[in-house]
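Have a look at work_3.cif below; it lists mmCIF, C-alpha atoms.
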data_start
#
loop_
_atom_site.group_PDB
_atom_site.id
_atom_site.type_symbol
_atom_site.label_atom_id
_atom_site.label_comp_id
_atom_site.auth_asym_id
_atom_site.auth_seq_id
_atom_site.Cartn_x
_atom_site.Cartn_y
_atom_site.Cartn_z
ATOM 1 C CA MET A 1 65.640 181.733 12.892
ATOM 2 C CA SER A 2 68.593 183.766 11.673
ATOM 3 C CA LEU A 3 70.916 180.827 12.488
ATOM 4 C CA VAL A 4 68.669 178.380 10.621
ATOM 5 C CA LYS A 5 68.546 180.733 7.652
ATOM 6 C CA TRP A 6 72.353 181.034 7.652
ATOM 7 C CA VAL A 7 72.738 177.241 7.711
ATOM 8 C CA VAL A 8 70.219 176.860 4.871
ATOM 9 C CA GLN A 9 71.922 179.485 2.740
ATOM 10 C CA HIS A 10 75.569 178.523 3.349
ATOM 11 C CA LEU A 11 76.011 175.004 4.727
ATOM 12 C CA ALA A 12 73.132 173.113 3.125
ATOM 13 C CA PRO A 13 74.274 173.786 -0.483
ATOM 14 C CA ILE A 14 77.808 172.593 0.379
ATOM 15 C CA PHE A 15 76.455 169.402 1.925
ATOM 16 C CA ILE A 16 74.142 168.810 -1.049
ATOM 17 C CA VAL A 17 77.003 169.147 -3.547
ATOM 18 C CA THR A 18 79.352 166.858 -1.593
ATOM 19 C CA SER A 19 76.714 164.315 -0.501
ATOM 20 C CA PRO A 20 77.313 161.891 -3.407
ATOM 21 C CA VAL A 21 80.934 161.474 -2.293
ATOM 22 C CA THR A 22 80.226 161.307 1.445
ATOM 23 C CA SER A 23 77.336 158.874 0.903
ATOM 24 C CA TYR A 24 79.009 156.345 -1.371
ATOM 25 C CA ALA A 25 82.779 156.597 -0.856
ATOM 26 C CA ASP A 26 82.675 154.166 2.058
ATOM 27 C CA GLN A 27 80.515 151.705 0.083
ATOM 28 C CA ILE A 28 82.993 151.781 -2.817
ATOM 29 C CA TRP A 29 85.908 151.300 -0.415
ATOM 30 C CA SER A 30 84.161 148.433 1.373
ATOM 31 C CA VAL A 31 83.385 146.543 -1.841
ATOM 32 C CA SER A 32 86.937 147.050 -3.101
ATOM 33 C CA LYS A 33 88.464 145.910 0.195
ATOM 34 C CA SER A 34 86.285 142.809 0.598
ATOM 35 C CA ARG A 35 86.309 142.035 -3.151
ATOM 36 C CA SER A 36 82.619 141.224 -2.931
ATOM 37 C CA SER A 37 79.482 143.281 -3.543
ATOM 38 C CA ALA A 38 77.134 140.638 -2.120
ATOM 39 C CA GLY A 39 74.233 142.190 -0.220
ATOM 40 C CA PHE A 40 74.474 145.518 -2.044
ATOM 41 C CA SER A 41 71.633 146.085 -4.502
ATOM 42 C CA LEU A 42 72.854 146.717 -8.032
ATOM 43 C CA ASP A 43 69.635 148.650 -8.648
ATOM 44 C CA ILE A 44 70.925 151.560 -6.541
ATOM 45 C CA PRO A 45 73.409 152.732 -9.230
ATOM 46 C CA LEU A 46 70.686 152.163 -11.862
ATOM 47 C CA ILE A 47 68.192 154.384 -10.047
ATOM 48 C CA MET A 48 70.677 157.153 -9.303
ATOM 49 C CA LEU A 49 72.155 157.212 -12.813
ATOM 50 C CA VAL A 50 68.759 157.234 -14.540
ATOM 51 C CA SER A 51 67.544 159.999 -12.229
ATOM 52 C CA SER A 52 70.713 162.124 -12.263
ATOM 53 C CA ILE A 53 71.147 162.054 -16.042
ATOM 54 C CA LEU A 54 67.509 163.081 -16.490
ATOM 55 C CA LYS A 55 67.955 165.879 -13.921
ATOM 56 C CA LEU A 56 70.711 167.381 -16.083
ATOM 57 C CA PHE A 57 68.253 167.731 -18.971
ATOM 58 C CA TYR A 58 65.511 168.899 -16.598
ATOM 59 C CA TRP A 59 67.706 171.813 -15.560
ATOM 60 C CA LEU A 60 67.745 173.100 -19.154
ATOM 61 C CA GLY A 61 64.027 173.790 -18.898
ATOM 62 C CA ALA A 62 63.455 174.409 -15.184
ATOM 63 C CA ARG A 63 66.685 176.259 -14.295
ATOM 64 C CA TYR A 64 66.433 175.045 -10.713
ATOM 65 C CA ASP A 65 69.031 175.756 -8.006
ATOM 66 C CA VAL A 66 72.604 175.418 -9.268
ATOM 67 C CA SER A 67 73.758 173.426 -6.226
ATOM 68 C CA LEU A 68 71.263 170.702 -7.155
ATOM 69 C CA LEU A 69 72.605 170.703 -10.709
ATOM 70 C CA VAL A 70 76.182 170.302 -9.474
ATOM 71 C CA GLN A 71 75.045 167.515 -7.156
ATOM 72 C CA ALA A 72 73.485 165.623 -10.085
ATOM 73 C CA THR A 73 76.710 165.955 -12.077
ATOM 74 C CA VAL A 74 78.891 164.726 -9.209
ATOM 75 C CA MET A 75 76.437 161.908 -8.541
ATOM 76 C CA ILE A 76 76.819 160.591 -12.088
ATOM 77 C CA GLY A 77 80.587 160.292 -11.679
ATOM 78 C CA VAL A 78 80.312 158.621 -8.265
ATOM 79 C CA GLN A 79 77.641 156.166 -9.399
ATOM 80 C CA LEU A 80 79.601 155.177 -12.498
ATOM 81 C CA LEU A 81 82.537 154.317 -10.242
ATOM 82 C CA LEU A 82 80.258 152.439 -7.829
ATOM 83 C CA LEU A 83 78.706 150.507 -10.720
ATOM 84 C CA HIS A 84 82.149 149.566 -12.034
ATOM 85 C CA VAL A 85 83.359 148.322 -8.636
ATOM 86 C CA THR A 86 80.117 146.494 -7.870
ATOM 87 C CA LEU A 87 80.190 144.649 -11.191
ATOM 88 C CA LEU A 88 83.884 143.891 -10.881
ATOM 89 C CA TYR A 89 83.390 142.090 -7.577
ATOM 90 C CA ARG A 90 79.907 140.679 -8.064
ATOM 91 C CA PRO A 91 79.646 137.192 -6.505
ATOM 92 C CA ALA A 92 80.020 134.300 -8.910
ATOM 93 C CA VAL A 93 77.000 132.351 -10.036
ATOM 94 C CA GLY A 94 77.235 128.658 -9.150
ATOM 95 C CA ALA A 95 78.997 126.437 -11.630
ATOM 96 C CA GLN A 96 75.739 124.639 -12.367
ATOM 97 C CA TYR A 97 74.445 127.703 -14.223
ATOM 98 C CA SER A 98 75.774 128.480 -17.666
ATOM 99 C CA LEU A 99 76.934 131.955 -18.678
ATOM 100 C CA GLY A 100 74.073 132.042 -21.132
ATOM 101 C CA HIS A 101 71.520 131.785 -18.301
ATOM 102 C CA PRO A 102 73.266 133.332 -15.285
ATOM 103 C CA PHE A 103 70.062 134.141 -13.414
ATOM 104 C CA ALA A 104 68.283 130.820 -13.916
ATOM 105 C CA GLU A 105 68.298 130.129 -10.187
ATOM 106 C CA ILE A 106 66.690 133.478 -9.461
ATOM 107 C CA LYS A 107 63.746 132.649 -11.672
ATOM 108 C CA GLU A 108 62.881 129.779 -9.372
ATOM 109 C CA GLN A 109 62.860 131.984 -6.276
ATOM 110 C CA GLY A 110 60.058 134.197 -7.523
ATOM 111 C CA ASN A 111 61.323 137.124 -5.469
ATOM 112 C CA LEU A 112 59.941 140.530 -6.464
ATOM 113 C CA LEU A 113 63.389 142.128 -6.463
ATOM 114 C CA THR A 114 65.413 139.371 -8.109
ATOM 115 C CA ALA A 115 62.826 137.825 -10.451
ATOM 116 C CA ARG A 116 63.934 137.326 -14.036
ATOM 117 C CA ARG A 117 63.371 140.559 -15.978
ATOM 118 C CA PRO A 118 62.538 140.966 -19.677
ATOM 119 C CA GLY A 119 65.797 140.720 -21.592
ATOM 120 C CA ASP A 120 67.581 140.149 -18.263
ATOM 121 C CA PHE A 121 67.530 143.924 -17.865
ATOM 122 C CA TRP A 122 70.202 145.078 -15.396
ATOM 123 C CA GLN A 123 70.930 141.434 -14.603
ATOM 124 C CA TRP A 124 73.493 140.902 -17.338
ATOM 125 C CA ARG A 125 76.633 138.996 -16.407
ATOM 126 C CA ASN A 126 78.796 140.962 -18.838
ATOM 127 C CA ARG A 127 79.707 144.500 -17.806
ATOM 128 C CA LYS A 128 79.482 146.181 -21.204
ATOM 129 C CA PRO A 129 75.652 146.145 -21.587
ATOM 130 C CA TYR A 130 75.277 148.274 -18.463
ATOM 131 C CA PHE A 131 77.333 151.105 -19.919
ATOM 132 C CA TYR A 132 75.829 150.673 -23.394
ATOM 133 C CA PHE A 133 72.376 151.118 -21.873
ATOM 134 C CA LEU A 134 73.424 154.317 -20.089
ATOM 135 C CA ALA A 135 74.923 155.730 -23.297
ATOM 136 C CA TYR A 136 71.781 154.963 -25.319
ATOM 137 C CA TYR A 137 69.626 156.400 -22.535
ATOM 138 C CA ALA A 138 71.565 159.694 -22.538
ATOM 139 C CA LEU A 139 71.405 159.919 -26.336
ATOM 140 C CA THR A 140 67.649 159.317 -26.271
ATOM 141 C CA LEU A 141 67.164 162.074 -23.707
ATOM 142 C CA ALA A 142 69.281 164.430 -25.838
ATOM 143 C CA ALA A 143 67.087 163.714 -28.867
ATOM 144 C CA LEU A 144 63.904 164.291 -26.831
ATOM 145 C CA GLN A 145 65.370 167.530 -25.487
ATOM 146 C CA PHE A 146 65.971 168.732 -29.029
ATOM 147 C CA LEU A 147 62.422 167.841 -30.098
ATOM 148 C CA LEU A 148 60.372 168.633 -26.974
ATOM 149 C CA GLY A 149 62.651 170.802 -24.842
ATOM 150 C CA PRO A 150 60.663 174.052 -25.295
ATOM 151 C CA SER A 151 57.432 172.397 -24.071
ATOM 152 C CA SER A 152 56.527 173.358 -20.487
ATOM 153 C CA LEU A 153 54.561 170.110 -20.128
ATOM 154 C CA TYR A 154 57.621 168.075 -21.118
ATOM 155 C CA VAL A 155 59.743 169.971 -18.586
ATOM 156 C CA LEU A 156 57.165 169.249 -15.872
ATOM 157 C CA VAL A 157 57.125 165.548 -16.765
ATOM 158 C CA GLN A 158 60.948 165.473 -16.746
ATOM 159 C CA GLY A 159 61.027 166.812 -13.211
ATOM 160 C CA TYR A 160 58.506 164.435 -11.699
ATOM 161 C CA VAL A 161 59.931 161.399 -13.496
ATOM 162 C CA ALA A 162 63.524 162.245 -12.498
ATOM 163 C CA LEU A 163 62.680 162.932 -8.862
ATOM 164 C CA GLY A 164 60.132 160.117 -8.707
ATOM 165 C CA VAL A 165 62.750 157.618 -9.825
ATOM 166 C CA GLU A 166 65.250 158.966 -7.285
ATOM 167 C CA ALA A 167 62.637 158.693 -4.539
ATOM 168 C CA LEU A 168 62.526 154.937 -5.186
ATOM 169 C CA LEU A 169 66.238 154.661 -4.324
ATOM 170 C CA PRO A 170 65.833 152.896 -0.954
ATOM 171 C CA ILE A 171 63.265 150.366 -2.246
ATOM 172 C CA PRO A 172 65.690 147.841 -3.852
ATOM 173 C CA GLN A 173 67.884 147.828 -0.742
ATOM 174 C CA ILE A 174 64.827 147.447 1.500
ATOM 175 C CA LEU A 175 63.745 144.398 -0.526
ATOM 176 C CA GLU A 176 67.293 143.013 -0.553
ATOM 177 C CA ASN A 177 67.530 143.330 3.228
ATOM 178 C CA GLN A 178 64.121 141.753 3.665
ATOM 179 C CA ARG A 179 65.034 138.823 1.408
ATOM 180 C CA ASN A 180 68.298 138.182 3.273
ATOM 181 C CA GLN A 181 66.853 139.021 6.723
ATOM 182 C CA SER A 182 70.109 140.918 7.120
ATOM 183 C CA CYS A 183 71.618 144.291 6.255
ATOM 184 C CA LYS A 184 75.044 142.769 5.628
ATOM 185 C CA GLY A 185 76.688 144.221 2.530
ATOM 186 C CA PHE A 186 74.899 147.579 2.873
ATOM 187 C CA ARG A 187 77.153 149.983 4.739
ATOM 188 C CA PHE A 188 75.666 151.656 7.808
ATOM 189 C CA THR A 189 77.579 154.809 6.877
ATOM 190 C CA VAL A 190 75.554 154.999 3.646
ATOM 191 C CA LEU A 191 72.318 154.904 5.623
ATOM 192 C CA VAL A 192 73.555 157.577 8.046
ATOM 193 C CA ASN A 193 74.522 159.821 5.133
ATOM 194 C CA TRP A 194 71.141 159.247 3.511
ATOM 195 C CA LEU A 195 69.307 160.252 6.707
ATOM 196 C CA VAL A 196 71.499 163.289 7.328
ATOM 197 C CA GLY A 197 71.142 164.190 3.669
ATOM 198 C CA ASP A 198 67.356 163.954 3.924
ATOM 199 C CA ALA A 199 67.384 166.378 6.845
ATOM 200 C CA PHE A 200 69.576 168.884 4.993
ATOM 201 C CA LYS A 201 67.712 168.515 1.699
ATOM 202 C CA LEU A 202 64.234 168.925 3.150
ATOM 203 C CA THR A 203 65.337 171.925 5.203
ATOM 204 C CA TYR A 204 66.893 173.478 2.116
ATOM 205 C CA PHE A 205 63.940 172.626 -0.138
ATOM 206 C CA PHE A 206 61.335 174.202 2.146
ATOM 207 C CA LEU A 207 63.259 177.108 3.676
ATOM 208 C CA SER A 208 65.406 178.383 0.795
ATOM 209 C CA ASP A 209 64.494 181.815 -0.574
ATOM 210 C CA GLY A 210 63.232 182.681 -4.014
ATOM 211 C CA GLY A 211 61.321 179.493 -4.837
ATOM 212 C CA SER A 212 64.347 178.066 -6.649
ATOM 213 C CA VAL A 213 63.402 174.503 -5.680
ATOM 214 C CA PRO A 214 60.425 173.056 -7.633
ATOM 215 C CA TRP A 215 57.724 171.076 -5.832
ATOM 216 C CA ALA A 216 58.889 167.896 -7.551
ATOM 217 C CA PHE A 217 62.009 167.991 -5.355
ATOM 218 C CA LYS A 218 59.968 168.588 -2.195
ATOM 219 C CA LEU A 219 57.354 165.859 -2.639
ATOM 220 C CA CYS A 220 59.796 163.196 -3.765
ATOM 221 C CA GLY A 221 62.204 164.192 -0.999
ATOM 222 C CA LEU A 222 59.522 163.547 1.630
ATOM 223 C CA PHE A 223 58.792 160.085 0.227
ATOM 224 C CA GLN A 224 62.477 159.159 0.067
ATOM 225 C CA ALA A 225 63.033 160.310 3.650
ATOM 226 C CA ALA A 226 60.230 158.004 4.818
ATOM 227 C CA CYS A 227 61.832 155.054 3.007
ATOM 228 C CA ASP A 228 65.249 155.860 4.483
ATOM 229 C CA CYS A 229 63.710 155.849 7.943
ATOM 230 C CA TYR A 230 62.356 152.353 7.283
ATOM 231 C CA LEU A 231 65.864 151.244 6.297
ATOM 232 C CA GLY A 232 66.879 152.397 9.765
ATOM 233 C CA VAL A 233 64.127 150.206 11.208
ATOM 234 C CA GLN A 234 65.543 147.246 9.237
ATOM 235 C CA TYR A 235 68.998 147.853 10.720
ATOM 236 C CA TRP A 236 67.394 147.788 14.145
ATOM 237 C CA MET A 237 65.525 144.535 13.342
ATOM 238 C CA PHE A 238 68.155 142.601 11.377
ATOM 239 C CA GLY A 239 71.533 144.222 12.014
ATOM 240 C CA GLU A 240 74.412 142.896 9.924
ATOM 241 C CA GLY A 241 74.152 139.315 11.117
ATOM 242 C CA GLY A 242 73.996 136.309 8.815
ATOM 243 C CA THR A 243 75.467 136.013 5.362
ATOM 244 C CA ALA A 244 74.302 138.033 2.392
ATOM 245 C CA ALA A 245 72.699 135.876 -0.243
ATOM 246 C CA GLY A 246 75.148 134.753 -2.841
ATOM 247 C CA ASP A 247 78.252 135.669 -0.861
ATOM 248 C CA ASP A 248 80.461 132.664 -1.308
ATOM 249 C CA GLY A 249 83.688 134.535 -0.628
ATOM 250 C CA LYS A 250 84.755 134.397 -4.263
ATOM 251 C CA GLU A 251 85.521 137.371 -6.413
ATOM 252 C CA THR A 252 84.206 137.646 -9.925
ATOM 253 C CA ARG A 253 85.813 139.629 -12.674
ATOM 254 C CA LEU A 254 83.532 140.241 -15.624
ATOM 255 C CA ALA A 255 84.589 141.009 -19.174
#

Before anything else, please render the file you have as structure tokens.
Amino acid sequence: MSLVKWVVQHLAPIFIVTSPVTSYADQIWSVSKSRSSAGFSLDIPLIMLVSSILKLFYWLGARYDVSLLVQATVMIGVQLLLLHVTLLYRPAVGAQYSLGHPFAEIKEQGNLLTARRPGDFWQWRNRKPYFYFLAYYALTLAALQFLLGPSSLYVLVQGYVALGVEALLPIPQILENQRNQSCKGFRFTVLVNWLVGDAFKLTYFFLSDGGSVPWAFKLCGLFQAACDCYLGVQYWMFGEGGTAAGDDGKETRLA
């Protein structure tokens, strides 16, 4: 038990802080090298950015473990870079679809993941709306923090929303893999890092001293670990065979 306690106290925080880099560096490199982000769900950066930005404000009220705060900060930087690269090399829409309706073909598919969203949310062809949305989102959270920050109920809601959103992280990729019947485009190294990260996080959440980790982290961490395990099942079922939907070998540079 003394060895486990030493690992929890010394190694787990280091892994937690560096996990955003170890988890996504290979995905960023792969997209940049292949000049295509086909098969990688664009909703992953959305989920992690929405969750991580909210976790920064949650810390102001909950004062949870500092290593988790640093992790959220590092994650924002990594996900912004991943979003930039993914958008830069997003596969081109067929010439038969105008720029004004870039997801018209998706509407016909009726897929839960890729169905047309109100206002084409997070399906814009131009890159600027993605970063505008994130800026407005952060400003809105800052205003709410100023107005409701002292409320313990608001702090509690912040925590469960932030961690609940993060717990949904594997869902878009699970649906993407299921739609393509392939895991091509989603790096196996990302999955391995997610699973190893789950093991470290859950050990740290439940065995760390002082109750510095709120229950929101623990419950949402358990759910996310279960989803990550199912992603492993998909790799076993589908592998990386076939061609990711929409991968036509062309690179797309967006304004």

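Restricting the calculation to all atoms listed in the file, the smallest distance between Arg179 in chain A and any of A:Phe146, A:Trp29, A:Trp194, A:Phe238 is found for A:Phe238.
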
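Straight-line separation from CA of Ala38 in chain A to CA of Pro172 in chain A: 13.6 Å.
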
task: Go through the shown structure with the PyMOL selection byres ((chain A and resi 28) around 12) and write out the matching residues as JSON, numbers by chain.
output: {"A": [20, 21, 22, 23, 24, 25, 26, 27, 29, 30, 31, 32, 33, 34, 35, 36, 37, 40, 45, 78, 79, 80, 81, 82, 83, 84, 85, 86, 87, 88, 89, 185, 186, 187, 189, 190]}

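Run against this file, the PyMOL selection byres ((chain A and resi 223) around 12) gives back Leu163, Gly164, Val165, Glu166, Ala167, Leu168, Leu169, Pro170, Ile171, Asp198, Leu202, Ala216, Phe217, Lys218, Leu219, Cys220, Gly221, Leu222, Gln224, Ala225, Ala226, Cys227, Asp228, Cys229 and Tyr230 of chain A.
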
message: Could you tell me, as a PyMOL selection string, exactly which residues end up selected when the PyMOL selection byres ((chain A and resi 50-62) around 10) is applied to this structure?
response: chain A and resi 45-49+63-66+68-76+79+134+137-138+141-142+144-145+149-152+154-167+169+212-214

- prompt: Please, what distance in Å, to one decimal, runs between CA of Gly197 in chain A and CA of Pro13 in chain A?
  reply: 10.9 Å

field: Between CA of Trp124 in chain A and CA of Ser41 in chain A, distance in Å (one decimal)
entry: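 Answer for the CA of Trp124 in chain A to CA of Ser41 in chain A separation: 14.0 Å.
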
message: Restricting the calculation to only C-alpha atoms: of A:Leu148, A:Asn177, A:Leu153, A:Asn126, which residue gets closest to Val233 in chain A?
response: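 Nearest to Val233 in chain A: A:Asn177.
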
All file atoms of range 125-138 of chain A boxed axis-aligned, 3 Å per side, centre plus edges, as lines of an AutoDock Vina configuration file:
center_x = 74.7
center_y = 149.3
center_z = -20.9
size_x = 16.1
size_y = 26.7
size_z = 14.9

- prompt: So which one's closest to Glu176 in chain A, A:Ile14, A:Gly239, A:Leu195, A:Gly39? Using all atoms listed in the file, please.
  reply: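 With all atoms listed in the file as the atom set, the closest residue is A:Gly39.
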
query: So, counting only C-alpha atoms, which residue among A:Lys201, A:Leu231, A:Ala92, A:Asp120 is closest to Ala12 in chain A?
result: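 That would be A:Lys201, the residue with the smallest distance to Ala12 in chain A.
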